[in-house]
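A.B. asks: Input: one structure, supplied below.
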2 protein chains.
Amino acid sequence: MTSDSPVTRVLANRYSPGGAPSLDNFKVVSAPAPTKDSLKENQVLVRSLYLSVDPYQRGRLTGATNNYIPCYELNKPITTDGVAIVEASTSADISEGDIVSSRIASWETKSVVDVATLRKLPTGTIENARDFVTVFGMPSFTAFVGLTTVGKPKAGETILVSSASGAVGQIVVQLAKACGLRVVGVAGSEDKVEFVKSIGADAAFNYKTCGVFTEAIKQAAPEGIDIYFDNVGGEFLDAALTNINFGARIISCGMISQYNVKSADETYGLKNTFNILTKAAIFQGVRVSRYYGTPTEDEFMAEVGKLYKEGKLQYRIDETTGLENAPQAVLNLYDGKNFGKSVVKV
Amino acid sequence: MTSDSPVTRVLANRYSPGGAPSLDNFKVVSAPAPTKDSLKENQVLVRSLYLSVDPYQRGRLTGATNNYIPCYELNKPITTDGVAIVEASTSADISEGDIVSSRIASWETKSVVDVATLRKLPTGTIENARDFVTVFGMPSFTAFVGLTTVGKPKAGETILVSSASGAVGQIVVQLAKACGLRVVGVAGSEDKVEFVKSIGADAAFNYKTCGVFTEAIKQAAPEGIDIYFDNVGGEFLDAALTNINFGARIISCGMISQYNVKSADETYGLKNTFNILTKAAIFQGVRVSRYYGTPTEDEFMAEVGKLYKEGKLQYRIDETTGLENAPQAVLNLYDGKNFGKSVVKV
């Protein structure tokens, strides 16, 4: 691709308030490439390397005005966490060839961006650039924040992890093992269950074939659940609540089972909240963005970085090649077609 | 009543797993009075003065084996918190005339009890004996524990309190005001609403006549809810969840709206838990028994005692006279016929 080849952009095409999103929510277009001559002060021209694909994107395509993150603007590029290489710069801080990350990376093959939105990555090589949207990415940091600030694990306790092979779950499984917990993982296929065991889970089961959730959890954790790291919400969360021990901590990190309901009427109604009361349990939502730029982020980089460098942390990645295929990668999240952290290699 | 008059006892007569309890769950009987000659070592003969009547008693009459407190034993006396006067003692620590409290006081006009289950009250006069099942009783301590350990109030925040004229709620309202919070109370009659305002609530409404809960809450607290002290669960809790601010704390103290459901199918399904996730809120159950005998209990006695002695704390009591009327006092809790903390004057 030369500097004047057209760029590919993925735009938000329309909102769908309920139900599953479709390819029609996105529009893949071709546009003239931005040039370095168009740079204003403190801007850079970047070429995208990797873009993150995350479940929260569903909410940004609903058109809802009460979202916790604003909806994508129609006819503007989708944004997520991303990593890019700098091709031209008008900034003194960032130079051509630097690798940069952004929490609002545009889904474009090339973009002009303000340096204020960028972070120059300490290890500026293309080879490990992907780490910053995978093992050190937002979902991984979310796992760390949820486990440490809400879960407060104590060796010997039992943790239940749903979506245990997913972007967040696989980190939770491994960090929990490192803390000396008994880990029970839940995933949506036999392959995923095997993977979850291979990264250290003491027990794991396939929620699609396990039968009654409450019984499956009880069988996998007869000693009861001290921590439940919830990525799914809905019926499985309700079943987990029937198995919690006194003083349990429930980390509410995601509710993927509920993101595609067609209307509020179809939202699953949680029946077992009385157990939260009687067990003096905590059910707490995690918003990782609160911890950006705090000492918790440094702790995360240190602890996860150490495990990773020592080869004690695996991170399974589901890589899609080509920005034009990114919309399908988003859709795959909601029926569990991805296996591991979903990223697009641009 | 002379020492050989027969005593009145209220026994658990039968369990009813679902639906509203009835007088038939209790049996009022007459029995020969225990005498001081029957005392073994370290026992006392006590005459009951006041017995607490509390919503959690419903659960103890269900026959369920998975309760957080065991069910009442059939054909044995009901127990709750109570205050009594000692008529005879074989203990060196407790003497005739002492006022004692118990967390497992039998619903009997006179009882023989082990001194190990008793606490000698520091102010041993009949006149203020009632305080120990009312303003200094278990529900009042629950209010303190919930507000301080989960609510963590900050001046200027807004708290919503359900059952705000009840045993727990009226203390929450007044402690919250003392912390500089804006207080919104909810109760089930116009009289109760007026009372809630009279003890300091900035706004209050009648949930039976307010229309759509979500809208009523929004109107009373347009700035949103930072703390919700929940005594009711169910639909009102769900509505409160739609009005919480970022970082809200929800104290789950009771779910009286759900105690008399006929079956699990009828249990209200909570739909708005996604707000807990997106608002990084905390929903936490309070079990006051964890704090018995801890420094938190001393803090409670000091803080609430100070407000009470200074005349800055009101505590409305719904007193029933005569142990034989205690079963009806229990039933009255579930349709809101009580107004204030329910106690039986024996």
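In the structure tokens, chains take the letters A, B, ... in the order shown, each chain's residues start at 1, and ligands count up from 1 in the order shown.
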Within 7 Å of chain A, which residues of chain B are there when counting only C-alpha atoms? Please give them as a ChimeraX atom specification.
C.D. replies: /B:68,252-253,267-271,276-287
A.B. asks: Create the file for the chosen residues now, containing N, CA, C and O atoms and written as a PDB file, in the first residue's frame.
C.D. replies:
ATOM      1  N   TYR B  68     -31.102 -18.908  56.012  1.00  0.00           N
ATOM      2  CA  TYR B  68     -29.889 -18.366  56.621  1.00  0.00           C
ATOM      3  C   TYR B  68     -29.969 -18.400  58.139  1.00  0.00           C
ATOM      4  O   TYR B  68     -28.948 -18.372  58.812  1.00  0.00           O
ATOM      5  N   SER B 252     -28.758  -3.942  50.523  1.00  0.00           N
ATOM      6  CA  SER B 252     -29.855  -4.898  50.517  1.00  0.00           C
ATOM      7  C   SER B 252     -30.061  -5.380  51.941  1.00  0.00           C
ATOM      8  O   SER B 252     -29.286  -6.172  52.471  1.00  0.00           O
ATOM      9  N   CYS B 253     -31.103  -4.854  52.570  1.00  0.00           N
ATOM     10  CA  CYS B 253     -31.335  -5.106  53.997  1.00  0.00           C
ATOM     11  C   CYS B 253     -32.551  -5.989  54.206  1.00  0.00           C
ATOM     12  O   CYS B 253     -32.630  -6.752  55.166  1.00  0.00           O
ATOM     13  N   THR B 267     -41.720 -15.166  42.325  1.00  0.00           N
ATOM     14  CA  THR B 267     -40.672 -14.249  42.754  1.00  0.00           C
ATOM     15  C   THR B 267     -40.434 -13.208  41.664  1.00  0.00           C
ATOM     16  O   THR B 267     -40.353 -13.545  40.486  1.00  0.00           O
ATOM     17  N   TYR B 268     -40.312 -11.961  42.060  1.00  0.00           N
ATOM     18  CA  TYR B 268     -40.077 -10.897  41.083  1.00  0.00           C
ATOM     19  C   TYR B 268     -38.694 -11.063  40.454  1.00  0.00           C
ATOM     20  O   TYR B 268     -37.707 -11.264  41.159  1.00  0.00           O
ATOM     21  N   GLY B 269     -38.630 -10.972  39.144  1.00  0.00           N
ATOM     22  CA  GLY B 269     -37.347 -11.065  38.432  1.00  0.00           C
ATOM     23  C   GLY B 269     -36.797  -9.675  38.168  1.00  0.00           C
ATOM     24  O   GLY B 269     -37.421  -8.867  37.484  1.00  0.00           O
ATOM     25  N   LEU B 270     -35.617  -9.422  38.693  1.00  0.00           N
ATOM     26  CA  LEU B 270     -35.000  -8.093  38.623  1.00  0.00           C
ATOM     27  C   LEU B 270     -34.393  -7.883  37.236  1.00  0.00           C
ATOM     28  O   LEU B 270     -33.492  -8.606  36.820  1.00  0.00           O
ATOM     29  N   LYS B 271     -34.878  -6.861  36.522  1.00  0.00           N
ATOM     30  CA  LYS B 271     -34.473  -6.679  35.125  1.00  0.00           C
ATOM     31  C   LYS B 271     -33.357  -5.657  34.917  1.00  0.00           C
ATOM     32  O   LYS B 271     -32.719  -5.643  33.876  1.00  0.00           O
ATOM     33  N   ILE B 276     -26.303  -1.827  37.361  1.00  0.00           N
ATOM     34  CA  ILE B 276     -25.267  -2.037  38.383  1.00  0.00           C
ATOM     35  C   ILE B 276     -23.915  -2.153  37.699  1.00  0.00           C
ATOM     36  O   ILE B 276     -22.916  -1.589  38.156  1.00  0.00           O
ATOM     37  N   LEU B 277     -23.895  -2.860  36.576  1.00  0.00           N
ATOM     38  CA  LEU B 277     -22.655  -3.008  35.810  1.00  0.00           C
ATOM     39  C   LEU B 277     -22.190  -1.665  35.249  1.00  0.00           C
ATOM     40  O   LEU B 277     -21.065  -1.230  35.490  1.00  0.00           O
ATOM     41  N   THR B 278     -23.097  -1.001  34.507  1.00  0.00           N
ATOM     42  CA  THR B 278     -22.641   0.188  33.795  1.00  0.00           C
ATOM     43  C   THR B 278     -22.356   1.362  34.734  1.00  0.00           C
ATOM     44  O   THR B 278     -21.545   2.226  34.405  1.00  0.00           O
ATOM     45  N   LYS B 279     -23.003   1.375  35.890  1.00  0.00           N
ATOM     46  CA  LYS B 279     -22.763   2.465  36.840  1.00  0.00           C
ATOM     47  C   LYS B 279     -21.694   2.079  37.861  1.00  0.00           C
ATOM     48  O   LYS B 279     -21.496   2.817  38.838  1.00  0.00           O
ATOM     49  N   ALA B 280     -21.051   0.937  37.660  1.00  0.00           N
ATOM     50  CA  ALA B 280     -20.040   0.462  38.620  1.00  0.00           C
ATOM     51  C   ALA B 280     -20.586   0.573  40.044  1.00  0.00           C
ATOM     52  O   ALA B 280     -19.917   1.040  40.960  1.00  0.00           O
ATOM     53  N   ALA B 281     -21.837   0.131  40.186  1.00  0.00           N
ATOM     54  CA  ALA B 281     -22.506   0.227  41.478  1.00  0.00           C
ATOM     55  C   ALA B 281     -22.239  -1.017  42.319  1.00  0.00           C
ATOM     56  O   ALA B 281     -21.766  -2.038  41.817  1.00  0.00           O
ATOM     57  N   ILE B 282     -22.552  -0.892  43.599  1.00  0.00           N
ATOM     58  CA  ILE B 282     -22.409  -2.005  44.539  1.00  0.00           C
ATOM     59  C   ILE B 282     -23.795  -2.359  45.061  1.00  0.00           C
ATOM     60  O   ILE B 282     -24.527  -1.481  45.510  1.00  0.00           O
ATOM     61  N   PHE B 283     -24.123  -3.624  44.990  1.00  0.00           N
ATOM     62  CA  PHE B 283     -25.360  -4.143  45.596  1.00  0.00           C
ATOM     63  C   PHE B 283     -24.897  -5.154  46.632  1.00  0.00           C
ATOM     64  O   PHE B 283     -24.292  -6.163  46.286  1.00  0.00           O
ATOM     65  N   GLN B 284     -25.124  -4.850  47.891  1.00  0.00           N
ATOM     66  CA  GLN B 284     -24.512  -5.688  48.930  1.00  0.00           C
ATOM     67  C   GLN B 284     -25.509  -6.022  50.032  1.00  0.00           C
ATOM     68  O   GLN B 284     -26.239  -5.164  50.513  1.00  0.00           O
ATOM     69  N   GLY B 285     -25.525  -7.275  50.417  1.00  0.00           N
ATOM     70  CA  GLY B 285     -26.407  -7.722  51.485  1.00  0.00           C
ATOM     71  C   GLY B 285     -25.820  -7.417  52.851  1.00  0.00           C
ATOM     72  O   GLY B 285     -24.605  -7.467  53.042  1.00  0.00           O
ATOM     73  N   VAL B 286     -26.699  -7.080  53.780  1.00  0.00           N
ATOM     74  CA  VAL B 286     -26.258  -6.771  55.150  1.00  0.00           C
ATOM     75  C   VAL B 286     -26.743  -7.864  56.094  1.00  0.00           C
ATOM     76  O   VAL B 286     -27.942  -8.175  56.128  1.00  0.00           O
ATOM     77  N   ARG B 287     -25.839  -8.432  56.831  1.00  0.00           N
ATOM     78  CA  ARG B 287     -26.207  -9.393  57.870  1.00  0.00           C
ATOM     79  C   ARG B 287     -25.646  -8.868  59.179  1.00  0.00           C
ATOM     80  O   ARG B 287     -24.443  -8.968  59.452  1.00  0.00           O
TER      81      ARG B 287
END
A.B. asks: Please return as number ranges by chain: the residues of segment 87-128 of chain B that backbone DSSP assigns to strand (DSSP E or B).
C.D. replies: B: 87-89, 99-106, 108, 110-114, 118-120
A.B. asks: Fewer than 3 positions away in the same chain doesn't count, so skip those; otherwise give me all residues within 7 Å of segment 91-98 of chain A, counting only C-alpha atoms, as an MDAnalysis selection string.
C.D. replies: chainID A and resid 41:43 85:88 120 124
A.B. asks: Which residues are near Glu324 of chain A? Cut-off 9 Å, only C-alpha atoms, ignore same chain within fewer than 3 positions. Put them as a list of chain:residue names.
C.D. replies: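 Here the answer would be A:Thr8, A:Arg9, A:Val10, A:Val28, A:Val29, A:Thr321, A:Pro327, A:Gln328, A:Val346.
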A.B. asks: Using DSSP on the backbone, list every residue of segment 80-164 of chain B that comes out as helix (DSSP H, G or I), and give them as number ranges by chain.
C.D. replies: B: 115-117, 129-133, 138-151
A.B. asks: Can you tell me, as a PyMOL selection string, what residues are no more than 10 Å from segment 296-306 of chain A when counting only C-alpha atoms, ignoring any on the same chain fewer than 2 positions away?
C.D. replies: chain A and resi 135-136+140-145+148-149+171+174-175+288+290-294+308-313
A.B. asks: Residues near Thr62 of chain B, anyone? I mean within 6 Å using only C-alpha atoms, not counting same-chain ones fewer than 3 positions away, as a PyMOL selection string.
C.D. replies: chain B and resi 15-17+59
A.B. asks: From the list B:Leu181, B:Asn260, B:Gln314, B:Val83, which residue is nearest Lys152 of chain B when using only C-alpha atoms?
C.D. replies: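 For Lys152 of chain B, the nearest of the given residues is B:Leu181.
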A.B. asks: Would you compute the distance between atom CA of Lys341 of chain A and atom CA of Asp24 of chain A? Give it in Å to one decimal.
C.D. replies: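 Spanning atom CA of Lys341 of chain A to atom CA of Asp24 of chain A is a straight-line distance of 23.5 Å.
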A.B. asks: Name the closest residue to Met138 of chain A among the candidates A:Tyr207, A:Ala216, A:Val53, A:Gly185; distances are taken between atoms, counting only C-alpha atoms.
C.D. replies: A:Val53
